[in-house]
Every structure is written in C-alpha cells, then in structure tokens.
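**Q** mmCIF, C-alpha atoms and all ligand atoms, file model-v1.cif:
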```cif
data_run
#
loop_
_atom_site.label_atom_id
_atom_site.label_comp_id
_atom_site.auth_asym_id
_atom_site.auth_seq_id
_atom_site.Cartn_x
_atom_site.Cartn_y
_atom_site.Cartn_z
CA MET A 1 -31.80 -25.39 9.31
CA TYR A 2 -29.84 -28.56 9.96
CA ASN A 3 -31.98 -31.66 10.09
CA GLY A 4 -29.50 -34.51 9.53
CA SER A 5 -27.56 -36.65 11.89
CA PRO A 6 -25.75 -34.65 14.56
CA MET A 7 -22.72 -36.86 14.07
CA ASN A 8 -22.35 -35.99 10.41
CA HIS A 9 -23.44 -32.38 10.37
CA PHE A 10 -20.08 -31.16 9.23
CA ILE A 11 -19.91 -33.30 6.17
CA GLU A 12 -23.47 -33.46 4.97
CA GLN A 13 -24.90 -31.63 2.05
CA TYR A 14 -26.67 -28.41 2.80
CA GLU A 15 -29.00 -26.42 0.59
CA SER A 16 -29.19 -22.81 1.50
CA THR A 17 -32.30 -20.71 1.21
CA GLN A 18 -30.84 -19.38 -2.08
CA LYS A 19 -30.71 -23.01 -3.32
CA LYS A 20 -26.93 -23.00 -3.44
CA LYS A 21 -25.98 -26.56 -2.82
CA VAL A 22 -23.06 -26.89 -0.47
CA GLU A 23 -21.69 -30.41 -0.15
CA ARG A 24 -19.99 -29.84 3.18
CA ARG A 25 -20.63 -27.60 6.11
CA VAL A 26 -17.00 -26.89 6.59
CA VAL A 27 -16.57 -23.42 5.28
CA LEU A 28 -13.39 -21.51 4.87
CA ALA A 29 -13.99 -18.43 6.97
CA PRO A 30 -12.80 -15.11 5.65
CA LEU A 31 -9.20 -14.72 6.70
CA SER A 32 -7.15 -11.66 5.89
CA ARG A 33 -3.67 -12.89 5.04
CA LEU A 34 -2.07 -9.55 4.15
CA ARG A 35 -0.30 -10.85 1.07
CA SER A 36 -2.19 -8.86 -1.52
CA TYR A 37 0.39 -6.30 -2.46
CA ASN A 38 -0.79 -2.97 -3.77
CA PHE A 39 -4.34 -3.90 -2.72
CA THR A 40 -4.44 -6.49 -5.48
CA ALA A 41 -4.95 -10.23 -5.10
CA GLN A 42 -1.74 -12.05 -6.04
CA PRO A 43 -1.03 -15.26 -8.01
CA HIS A 44 0.22 -17.04 -4.90
CA ALA A 45 -3.35 -16.95 -3.60
CA ILE A 46 -4.41 -19.34 -6.37
CA LEU A 47 -2.62 -22.19 -4.67
CA TYR A 48 -3.64 -21.03 -1.21
CA TYR A 49 -7.37 -21.11 -1.97
CA LYS A 50 -7.11 -24.22 -4.16
CA GLN A 51 -5.47 -26.08 -1.28
CA ARG A 52 -8.46 -25.26 0.90
CA THR A 53 -11.07 -26.24 -1.67
CA THR A 54 -13.14 -29.42 -1.45
CA LYS A 55 -15.74 -30.50 -3.93
CA GLY A 56 -18.88 -28.62 -3.03
CA GLY A 57 -17.13 -26.83 -0.18
CA LEU A 58 -17.70 -23.17 0.46
CA LEU A 59 -14.87 -20.72 0.72
CA ILE A 60 -15.30 -17.13 1.79
CA SER A 61 -12.53 -14.91 0.61
CA GLU A 62 -10.51 -12.69 2.81
CA ALA A 63 -12.04 -9.22 3.29
CA SER A 64 -11.84 -7.31 0.01
CA GLY A 65 -12.06 -3.55 0.05
CA ILE A 66 -14.87 -2.03 -1.96
CA SER A 67 -13.20 1.32 -2.42
CA GLU A 68 -9.93 3.12 -1.98
CA THR A 69 -11.10 4.33 1.38
CA ALA A 70 -12.23 0.89 2.56
CA GLN A 71 -8.94 -0.77 3.48
CA GLY A 72 -8.13 -1.09 7.16
CA LEU A 73 -4.96 -3.14 6.88
CA PRO A 74 -2.02 -3.15 4.52
CA ASN A 75 -1.82 -5.68 1.70
CA THR A 76 -5.47 -6.59 1.80
CA PRO A 77 -7.04 -7.16 -1.62
CA GLY A 78 -9.38 -4.69 -3.26
CA ILE A 79 -12.28 -5.22 -5.59
CA TRP A 80 -13.13 -1.71 -6.70
CA LYS A 81 -11.11 -1.62 -9.91
CA LYS A 82 -11.22 -3.70 -13.07
CA GLU A 83 -7.60 -4.80 -12.39
CA HIS A 84 -8.66 -6.07 -8.97
CA VAL A 85 -11.45 -8.16 -10.45
CA GLU A 86 -9.07 -9.54 -13.08
CA ALA A 87 -6.56 -10.43 -10.36
CA TRP A 88 -9.23 -12.40 -8.50
CA ARG A 89 -10.33 -14.30 -11.61
CA PRO A 90 -7.60 -17.04 -11.69
CA ILE A 91 -8.07 -17.58 -7.95
CA VAL A 92 -11.81 -18.11 -8.33
CA ASP A 93 -11.18 -20.29 -11.41
CA GLY A 94 -8.81 -22.43 -9.34
CA VAL A 95 -11.47 -22.95 -6.68
CA HIS A 96 -14.07 -23.80 -9.34
CA GLU A 97 -11.72 -26.27 -11.01
CA ASN A 98 -11.55 -28.12 -7.72
CA GLY A 99 -15.34 -28.00 -7.45
CA GLY A 100 -15.53 -25.40 -4.70
CA ILE A 101 -17.90 -22.52 -4.21
CA PHE A 102 -16.33 -19.15 -3.70
CA PHE A 103 -17.85 -16.11 -2.09
CA CYS A 104 -16.10 -12.82 -1.94
CA GLN A 105 -16.30 -10.97 1.32
CA LEU A 106 -16.88 -7.32 0.55
CA TRP A 107 -15.45 -4.99 3.13
CA HIS A 108 -15.35 -1.45 4.27
CA SER A 109 -13.43 -0.98 7.45
CA GLY A 110 -15.28 2.21 8.24
CA ARG A 111 -13.66 4.81 10.38
CA VAL A 112 -10.58 2.67 11.00
CA SER A 113 -9.71 2.59 7.30
CA ASN A 114 -6.19 3.62 6.29
CA LYS A 115 -7.48 6.29 4.01
CA MET A 116 -9.65 7.81 6.67
CA LYS A 117 -6.75 7.69 9.06
CA MET A 118 -4.72 9.29 6.35
CA GLN A 119 -7.35 11.96 5.78
CA LYS A 120 -7.45 12.67 9.50
CA LYS A 121 -3.66 12.86 9.45
CA GLU A 122 -3.86 15.18 6.45
CA GLU A 123 -6.34 17.37 8.24
CA ARG A 124 -4.11 17.43 11.28
CA SER A 125 -1.02 18.18 9.25
CA MET A 126 -2.89 20.89 7.34
CA GLU A 127 -3.75 22.50 10.62
CA SER A 128 -0.30 22.19 12.10
CA MET A 129 1.77 22.97 9.04
CA ALA A 130 2.13 26.66 8.35
CA LEU A 131 3.46 25.85 4.87
CA LEU A 132 0.16 24.35 3.84
CA THR A 133 -2.12 27.07 5.14
CA PRO A 134 -3.90 29.43 2.72
CA TYR A 135 -2.54 32.87 1.99
CA ASN A 136 -3.99 36.00 0.38
CA MET A 137 -1.55 37.70 -1.94
CA LYS A 138 -2.97 40.88 -3.39
CA ASN A 139 -5.95 39.73 -5.45
CA PHE A 140 -4.95 36.08 -5.36
CA HIS A 141 -6.12 33.54 -2.89
CA LEU A 142 -3.44 30.86 -2.54
CA SER A 143 -4.51 27.56 -1.05
CA HIS A 144 -0.99 26.85 0.30
CA ARG A 145 2.44 28.47 0.44
CA VAL A 146 4.40 26.02 -1.69
CA VAL A 147 5.48 27.86 -4.83
CA LEU A 148 7.10 26.56 -8.00
CA ALA A 149 10.35 28.52 -8.20
CA PRO A 150 11.40 29.77 -11.61
CA LEU A 151 13.44 27.03 -13.27
CA SER A 152 14.99 27.44 -16.68
CA ARG A 153 14.63 24.10 -18.44
CA LEU A 154 16.21 25.09 -21.77
CA ARG A 155 13.59 23.34 -23.85
CA SER A 156 12.08 26.41 -25.47
CA TYR A 157 13.46 25.99 -28.95
CA ASN A 158 13.90 29.12 -30.99
CA PHE A 159 13.26 31.23 -27.85
CA THR A 160 9.61 30.18 -27.96
CA ALA A 161 7.71 28.29 -25.25
CA GLN A 162 6.89 24.79 -26.53
CA PRO A 163 3.80 22.57 -26.29
CA HIS A 164 5.64 20.08 -24.04
CA ALA A 165 5.71 22.79 -21.39
CA ILE A 166 1.91 22.54 -21.12
CA LEU A 167 2.21 19.14 -19.42
CA TYR A 168 5.23 20.15 -17.38
CA TYR A 169 3.52 23.15 -15.79
CA LYS A 170 0.18 21.38 -15.52
CA GLN A 171 1.82 18.55 -13.57
CA ARG A 172 3.11 21.06 -11.07
CA THR A 173 -0.20 22.86 -10.68
CA THR A 174 -2.43 22.50 -7.68
CA LYS A 175 -5.71 24.25 -7.15
CA GLY A 176 -4.84 27.64 -5.73
CA GLY A 177 -1.08 26.98 -6.02
CA LEU A 178 1.34 29.62 -7.33
CA LEU A 179 3.77 28.87 -10.18
CA ILE A 180 6.48 31.21 -11.39
CA SER A 181 7.54 30.61 -14.96
CA GLU A 182 11.08 30.00 -16.04
CA ALA A 183 12.95 33.20 -16.84
CA SER A 184 11.47 34.68 -20.00
CA GLY A 185 13.53 37.09 -22.04
CA ILE A 186 12.03 40.53 -22.49
CA SER A 187 13.94 41.28 -25.67
CA GLU A 188 16.13 39.66 -28.26
CA THR A 189 19.12 40.91 -26.37
CA ALA A 190 17.91 39.61 -23.01
CA GLN A 191 18.63 35.91 -23.37
CA GLY A 192 21.64 34.59 -21.49
CA LEU A 193 21.13 30.88 -22.20
CA PRO A 194 20.05 28.87 -25.23
CA ASN A 195 16.49 27.59 -25.55
CA THR A 196 15.03 29.91 -22.94
CA PRO A 197 11.60 31.28 -23.79
CA GLY A 198 11.05 34.82 -24.88
CA ILE A 199 8.11 37.10 -24.34
CA TRP A 200 8.92 40.04 -26.56
CA LYS A 201 7.01 39.00 -29.69
CA LYS A 202 3.35 38.35 -30.29
CA GLU A 203 4.23 34.73 -31.26
CA HIS A 204 5.96 34.29 -27.92
CA VAL A 205 2.92 35.46 -26.02
CA GLU A 206 0.72 33.16 -28.15
CA ALA A 207 3.05 30.24 -27.41
CA TRP A 208 2.71 30.87 -23.69
CA ARG A 209 -1.07 31.03 -23.89
CA PRO A 210 -1.90 27.26 -23.89
CA ILE A 211 0.58 26.76 -21.06
CA VAL A 212 -1.06 29.42 -18.95
CA ASP A 213 -4.48 28.07 -19.93
CA GLY A 214 -3.40 24.59 -18.76
CA VAL A 215 -2.39 25.98 -15.39
CA HIS A 216 -5.65 27.90 -15.12
CA GLU A 217 -7.67 24.81 -16.08
CA ASN A 218 -6.12 23.06 -13.10
CA GLY A 219 -6.93 26.01 -10.87
CA GLY A 220 -3.37 27.31 -10.53
CA ILE A 221 -2.00 30.86 -10.53
CA PHE A 222 0.74 31.64 -13.04
CA PHE A 223 3.25 34.46 -12.94
CA CYS A 224 5.70 35.06 -15.71
CA GLN A 225 9.26 35.77 -14.66
CA LEU A 226 10.55 38.55 -16.90
CA TRP A 227 14.26 38.46 -17.46
CA HIS A 228 17.15 40.35 -18.86
CA SER A 229 20.42 38.61 -18.27
CA GLY A 230 22.26 41.93 -18.40
CA ARG A 231 25.87 41.89 -19.36
CA VAL A 232 25.93 38.08 -19.67
CA SER A 233 23.28 38.22 -22.36
CA ASN A 234 23.99 36.90 -25.82
CA LYS A 235 23.65 40.31 -27.37
CA THR A 236 23.91 43.02 -24.79
CA CYS A 237 21.95 46.21 -25.03
CA GLY A 238 19.28 48.03 -23.04
CA ALA A 239 16.16 46.26 -21.86
CA GLU A 240 12.87 46.87 -23.57
CA ARG A 241 9.59 46.68 -21.76
CA SER A 242 7.08 43.97 -22.44
CA GLY A 243 3.49 44.49 -21.35
CA TYR A 244 2.72 41.84 -18.78
CA GLU A 245 0.02 41.98 -16.24
CA ILE A 246 1.96 41.85 -13.01
CA ILE A 247 5.59 42.43 -12.44
CA SER A 248 7.21 40.93 -9.40
CA PRO A 249 10.94 40.58 -9.09
CA THR A 250 13.25 37.79 -8.04
CA PHE A 251 16.24 39.01 -6.09
CA SER A 252 19.51 37.20 -5.84
CA ASN A 253 21.41 40.13 -4.46
CA LEU A 254 23.18 37.88 -1.97
CA MET A 255 24.39 35.38 -4.54
CA ASP A 256 27.64 35.61 -6.38
CA TYR A 257 26.57 34.06 -9.62
CA ASN A 258 28.15 34.95 -12.92
CA GLU A 259 30.30 37.33 -10.90
CA SER A 260 27.22 39.25 -9.86
CA GLY A 261 28.35 39.70 -6.23
CA ASP A 262 27.78 43.11 -4.67
CA SER A 263 30.04 44.86 -2.16
CA ASP A 264 27.08 45.66 0.11
CA PRO A 265 24.25 43.28 -0.81
CA HIS A 266 22.25 43.97 2.37
CA SER A 267 21.91 47.71 1.86
CA LEU A 268 21.12 47.04 -1.78
CA GLY A 269 18.46 44.50 -0.82
CA VAL A 270 16.83 46.75 1.76
CA TYR A 271 16.85 49.67 -0.68
CA MET A 272 15.21 47.55 -3.39
CA ALA A 273 12.67 46.11 -0.97
CA GLU A 274 11.68 49.54 0.36
CA SER A 275 11.43 51.05 -3.12
CA LEU A 276 9.38 48.19 -4.55
CA SER A 277 7.19 48.16 -1.51
CA ARG A 278 6.00 51.63 -2.44
CA LEU A 279 4.98 50.39 -5.91
CA GLY A 280 2.62 47.84 -4.43
CA ILE A 281 3.93 44.89 -6.45
CA ALA A 282 2.47 41.42 -5.92
CA TYR A 283 5.42 39.82 -4.17
CA CYS A 284 9.12 40.03 -3.52
CA HIS A 285 10.96 36.76 -4.19
CA VAL A 286 14.41 36.50 -2.65
CA ILE A 287 17.07 33.80 -2.78
CA GLU A 288 18.45 32.80 0.60
CA PRO A 289 21.98 34.05 1.33
CA ARG A 290 23.20 30.49 1.85
CA MET A 291 22.83 29.85 -1.90
CA VAL A 292 26.18 30.60 -3.48
CA THR A 293 24.85 29.55 -6.86
CA GLN A 294 21.56 27.83 -7.62
CA PHE A 295 23.26 24.50 -6.86
CA GLU A 296 25.64 25.15 -4.01
CA ARG A 297 24.64 25.77 -0.46
CA ALA A 298 26.98 27.28 2.12
CA GLU A 299 26.67 27.64 5.88
CA THR A 300 26.05 31.26 6.83
CA CYS A 301 24.53 33.30 9.65
CA ASP A 302 23.32 35.80 7.08
CA THR A 303 19.55 36.22 6.93
CA LEU A 304 16.87 37.98 4.95
CA VAL A 305 15.30 39.53 8.02
CA SER A 306 16.17 43.12 7.08
CA MET A 307 14.65 42.74 3.62
CA ARG A 308 11.61 41.03 5.07
CA LYS A 309 11.07 44.00 7.39
CA ALA A 310 11.62 46.53 4.61
CA PHE A 311 9.12 44.96 2.22
CA LYS A 312 5.52 45.48 3.24
CA GLY A 313 3.88 43.00 0.86
CA THR A 314 4.17 39.27 0.24
CA PHE A 315 7.66 37.99 0.95
CA MET A 316 8.73 34.79 -0.79
CA VAL A 317 11.97 32.95 -0.10
CA ALA A 318 13.78 30.24 -2.05
CA GLY A 319 16.98 28.28 -1.97
CA GLY A 320 17.95 25.07 -0.28
CA TYR A 321 14.49 24.18 1.03
CA HIS A 322 14.58 20.47 0.45
CA ASP A 323 12.95 19.57 3.66
CA ARG A 324 9.33 20.15 4.53
CA ASP A 325 10.07 20.98 8.16
CA GLU A 326 12.61 23.65 7.40
CA ALA A 327 10.25 25.38 4.98
CA ASN A 328 7.44 25.06 7.43
CA ARG A 329 9.54 26.67 10.13
CA VAL A 330 10.37 29.76 8.05
CA VAL A 331 6.66 30.42 7.46
CA LYS A 332 5.72 29.64 11.04
CA ASN A 333 8.37 32.02 12.37
CA GLY A 334 6.98 34.77 10.16
CA ASP A 335 10.23 35.09 8.18
CA ALA A 336 8.41 34.45 4.90
CA ASP A 337 4.87 34.25 3.61
CA LEU A 338 5.62 31.82 0.79
CA VAL A 339 8.38 29.35 -0.02
CA ALA A 340 9.45 28.71 -3.62
CA PHE A 341 10.88 25.25 -4.32
CA GLY A 342 13.21 24.64 -7.24
CA ARG A 343 14.82 21.23 -7.52
CA ALA A 344 12.37 19.54 -5.19
CA PHE A 345 9.43 20.70 -7.31
CA LEU A 346 11.24 19.86 -10.51
CA ALA A 347 11.48 16.24 -9.36
CA ASN A 348 8.15 16.00 -7.54
CA PRO A 349 5.22 17.13 -9.65
CA ASN A 350 2.83 16.77 -6.73
CA LEU A 351 5.07 18.30 -4.11
CA PRO A 352 2.38 19.91 -1.91
CA ARG A 353 0.62 16.56 -1.60
CA ARG A 354 3.85 14.83 -0.66
CA PHE A 355 4.40 17.44 2.01
CA MET A 356 0.88 16.95 3.22
CA LEU A 357 1.40 13.20 3.59
CA ASN A 358 5.03 13.55 4.65
CA ALA A 359 5.75 11.15 1.81
CA PRO A 360 9.31 10.56 0.62
CA LEU A 361 10.49 12.82 -2.20
CA ASN A 362 11.81 11.71 -5.59
CA LYS A 363 15.47 12.59 -5.97
CA TYR A 364 16.25 14.99 -8.76
CA ASP A 365 18.55 13.93 -11.55
CA ARG A 366 20.89 16.78 -12.19
CA SER A 367 22.14 15.27 -15.44
CA THR A 368 18.73 15.88 -17.04
CA PHE A 369 18.21 19.41 -15.74
CA TYR A 370 19.38 20.97 -18.92
CA THR A 371 18.92 18.38 -21.64
CA ASP A 372 16.39 19.14 -24.34
CA ASP A 373 14.44 15.91 -24.10
CA PRO A 374 10.72 16.74 -23.87
CA VAL A 375 10.01 13.78 -21.61
CA VAL A 376 13.07 12.40 -19.82
CA GLY A 377 13.88 14.32 -16.66
CA TYR A 378 11.04 16.66 -17.48
CA THR A 379 7.61 15.08 -17.42
CA ASP A 380 8.56 11.54 -16.38
CA TYR A 381 9.17 12.01 -12.65
CA PRO A 382 6.77 9.66 -10.88
CA PHE A 383 3.68 10.87 -9.09
CA LEU A 384 2.67 9.47 -5.74
CA ASP A 385 0.58 6.40 -6.39
CA TYR A 386 -1.50 6.80 -3.26
C1 LIG B 401 17.50 23.62 -13.42
C2 LIG B 401 17.38 24.97 -12.75
C3 LIG B 401 16.91 26.06 -13.48
C4 LIG B 401 16.71 27.30 -12.85
N1 LIG B 401 16.18 28.34 -13.57
C5 LIG B 401 15.87 29.53 -12.96
C6 LIG B 401 15.19 30.57 -13.66
O1 LIG B 401 14.83 30.44 -14.83
N2 LIG B 401 14.95 31.74 -12.98
C7 LIG B 401 15.32 31.88 -11.67
O2 LIG B 401 15.08 32.93 -11.10
N3 LIG B 401 15.91 30.89 -10.99
C8 LIG B 401 16.18 29.71 -11.59
N4 LIG B 401 16.75 28.70 -10.88
C9 LIG B 401 16.94 28.86 -9.43
C10 LIG B 401 15.72 28.34 -8.70
O3 LIG B 401 14.57 29.15 -8.90
C11 LIG B 401 15.96 28.25 -7.18
O4 LIG B 401 16.14 29.51 -6.66
C12 LIG B 401 17.17 27.38 -6.89
O5 LIG B 401 17.04 26.14 -7.53
C13 LIG B 401 17.31 27.15 -5.37
O6 LIG B 401 16.16 26.56 -4.86
P1 LIG B 401 16.11 24.98 -4.51
O7 LIG B 401 17.18 24.75 -3.50
O8 LIG B 401 14.72 24.81 -3.99
O9 LIG B 401 16.38 24.23 -5.79
C14 LIG B 401 17.00 27.46 -11.48
C15 LIG B 401 17.49 26.35 -10.76
C16 LIG B 401 17.67 25.13 -11.37
C17 LIG B 401 18.14 23.95 -10.55
#
```
Translate this file's structure into structure tokens.
**A**
Amino acid sequence: MYNGSPMNHFIEQYESTQKKKVERRVVLAPLSRLRSYNFTAQPHAILYYKQRTTKGGLLISEASGISETAQGLPNTPGIWKKEHVEAWRPIVDGVHENGGIFFCQLWHSGRVSNKMKMQKKEERSMESMALLTPYNMKNFHLSHRVVLAPLSRLRSYNFTAQPHAILYYKQRTTKGGLLISEASGISETAQGLPNTPGIWKKEHVEAWRPIVDGVHENGGIFFCQLWHSGRVSNKTCGAERSGYEIISPTFSNLMDYNESGDSDPHSLGVYMAESLSRLGIAYCHVIEPRMVTQFERAETCDTLVSMRKAFKGTFMVAGGYHDRDEANRVVKNGDADLVAFGRAFLANPNLPRRFMLNAPLNKYDRSTFYTDDPVVGYTDYPFLDY
C-alpha cells in the first residue's frame, strides 16, 4: 500500500509483500512485440529491454508461452524449452546489469491459441477431407488413404535390403498408414535394375525384417511389392514363386514404359481386375492413364472407371497426384479408395500431416532419385517443424 507523498508516488521506493525492493513505481508493462521469431526470444530484445531498464525498476516481459499450445500470436517468445530459457538469459542479464528487476510473464492464450486453432482446423479438415478418412481394407484398418507408392531407390546393394532403409521407411510411416515397398525381385532373374532388393533368399527376407519391424513399431502397415521385370530383366527366365503373406498387384497396363504398351489396355485391365477380384486379394493398385512413364504426365480423357467397376475390393490409384485437392477429389467421387503417392512422399516424409495442415510440400530433387547415397536425397528431406 502506498503511503508516501502523492506527488512522488511514481518515483519512490516500494517494498512488495514478497520483500522485493522496487526503487521506482514505473513498471514496464508486459508488451507483446511480435519479434521473437520461431517462438524464441531474439538478441535484439537485449537492447530493447536494457533501454527500458532503470536502477531498481521493474520490467515485466512480454507474454511468454508456457507450452507449444499456448501461443496466441505469431512471433511471441516461448519459455517451455531449454533453448527458450537460454535465449532469454542474455536479455535478463542485460536488465540486471542496468540494475533492473525482471519478471517473466507466463502465458497461455487458452482457446484462442494458434495450436488450438490449428487443431480445430485439423479436425475440420479431417472431417471434410475424404483422403484423410479411415478405411478398412480386408483385415487392415487404415487411419487414412494416403499410401506410399512403391519407389525403387536403387540403394539395396547386392540385391539385399540395407539398414539405411529402416530409417527411410520409418520416416514415411504413420500410425495406421499403408506403405508399399519398392519392387522386390522374386528371383535372381527378376531384377531389371541394379541395387534393387530381392526377396528370393532367406538372407533377403532377413534383411527386410528390421525394416518391416521399424514400420510396425511406428504403427504402419507394410506390403511388399513382388516383382519380375520380365523380358527387361538382367537374366530372363521364368518367374519363381516366393512365399509372401499377401499378394496384391500393381498395374500399369495403360503405360507405355519399356515398350510395354498394349494394343487394348482397357480390356486387359478389366479382365485382370475381374479375375483378381475373384481371388479376394487385398487391393488392386493401378497407375493413372495420364502417366506415360513414371515421370511424364500427359493430358488424356482416359479413366480407370471400368477397372474400378470390375474390381470388387480395395481400389488404389497412383500417378501425378501432387496436389492434395486432386487426390481428395478422386476419393470423394468414389473413383478410388486409396491414393498412392510417389514423388511427393519421397520428398515429404510426413506427407499425411502436411496434407492435414495444408502445409507447403518439399520439392523433390530428381537428381538424387537414383543415387546410392544413404542420406542425401533419401533420409534428409526436411520434416515439418510445426
Ligand atoms: C524414383 C522412383 C522409383 C519408382 N520405383 C517404383 C517401384 O519400385 N515400383 C513401382 O511399381 N513403381 C515405382 N515407381 C512409380 C511410382 O510408384 C509412382 O507410380 C509414380 O512415381 C507416379 O506417382 P507420382 O506422380 O505420385 O510420383 C517409381 C517412381 C519413382 C519416381
């Protein structure tokens, strides 16, 4: 309680109930200045607070978020991480050097926080986005319809899956998300490219095991794409069978890749879809007709509707889906149950989350698609940092 001269009440000493002696009653009120990039107090605040410090004067910091979910404005400082505390230290030291007293205003902006807004937005987008709705495929419960398309990465030395693939597949795993492995040769004669993994020997299966375990640890669902590259194989001869739990094919009957074009791809596709439908396989994965090769996209009125109708199980499409809305539309229209993403998933380990937040996507670097570096262009694509 003030008991000095009314004229001098702003400049007289004050002793609070906690016995903190404040020389002046002029206090710097907490003022959010929105200059704390990345929720971290910045060096330019040292000068700012120092300038406002008087000997024995009290300064209350701008509102500082106590958790990731606390922030209500951009560029406000946080104080929930060690780095945040360290970032505040030179600012507080500056105030102390000038003899000031510094209090940190702790803050949670409650239901108006960015994160909560974001969560609400996520909930809304989850509801409105067909692509991110759950799906039951045979005995598998998928939490969303974004699938990792099979992508040969040519890093499986000696035709054997390598330990660096553990991280690569793990990074692309989400709880309840489906991943299709890169094409895996079913026999010595099946391989059509160097450094593709095999699955015809016990050692091959053992090499795959920690990769599959990694995916399972993260709650993902892993299917192995079995492959025989046919007449383009290194050593051509008949395919052998390899025992693998579930066989589900990838069709590229509409592509003309390695001169694989067919004179009547639609009838072929419908025939295959009908026949496989009767076998009760897990899914049918088809490349969109617009994909001339896995890289080139052409305009076409051709569709997969006839194959979709002919196949009674889970229908998965792939090819040229680089845009969340387009993929969402195909699911919403009922033209596919699942969408497999190739290059977008290659470059965006946490693709479903980016879709959920409508966050920008990393661009893929084509020059590192097929290099054998275990890190560059493989496991070093940045995650979202929020
Ligand atoms: C680097 C690279 C490797 C690929 N490897 C495979 C593969 O092993 N098996 C396969 O069926 N398709 C493979 N594809 C094709 C993709 O699964 C996918 O169908 C194609 O990239 C088109 O989809 P996108 O436009 O989403 O990239 C590969 C594509 C790329 C770019």
**Q** Which one is closest to ligand LIG 401 (chain B): A:Leu167, A:Leu361, A:Val317, A:Ile60? Count all atoms listed in the file.
**A** A:Val317
**Q** Can you tell me, as a list in words, what residues are no more than 9 Å from A:Thr371 when counting only C-alpha atoms, ignoring any on the same chain fewer than 4 positions away?
**A** Arg153, Leu154, Arg155, Ser367, Val376 and Gly377 of chain A
**Q** Nearest to A:Thr293 among A:Pro90, A:Gly319, A:Gly192, A:Pro374, with distances taken over only C-alpha atoms: which residue is it?
**A**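 Closest candidate: A:Gly319.
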**Q** May I have the residues within 10 Å of stretch 139-145 of chain A as a ChimeraX atom specification, using only C-alpha atoms and disregarding those fewer than 5 positions away in the same chain?
**A** /A:126,129-134,174-178,220-221,282,316,327-328,331,336-340,352
**Q** So, with only C-alpha atoms as the atoms that count, which of A:Pro77, A:Pro197, A:Gly94, A:Pro349 lies closest to A:Tyr49?
**A**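 Closest to A:Tyr49 of all the choices is A:Gly94.
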**Q** For A:Leu148, list every protein, DNA or RNA residue within 9 Å, evaluated using all atoms listed in the file, and leave out those in the same chain fewer than 3 positions away; present the list as a list in words.
**A** Leu151, Arg172, Thr173, Gly177, Leu178, Leu179, Ile180, Ser181, Val339, Ala340, Phe341, Gly342, Phe345 and Leu346 of chain A
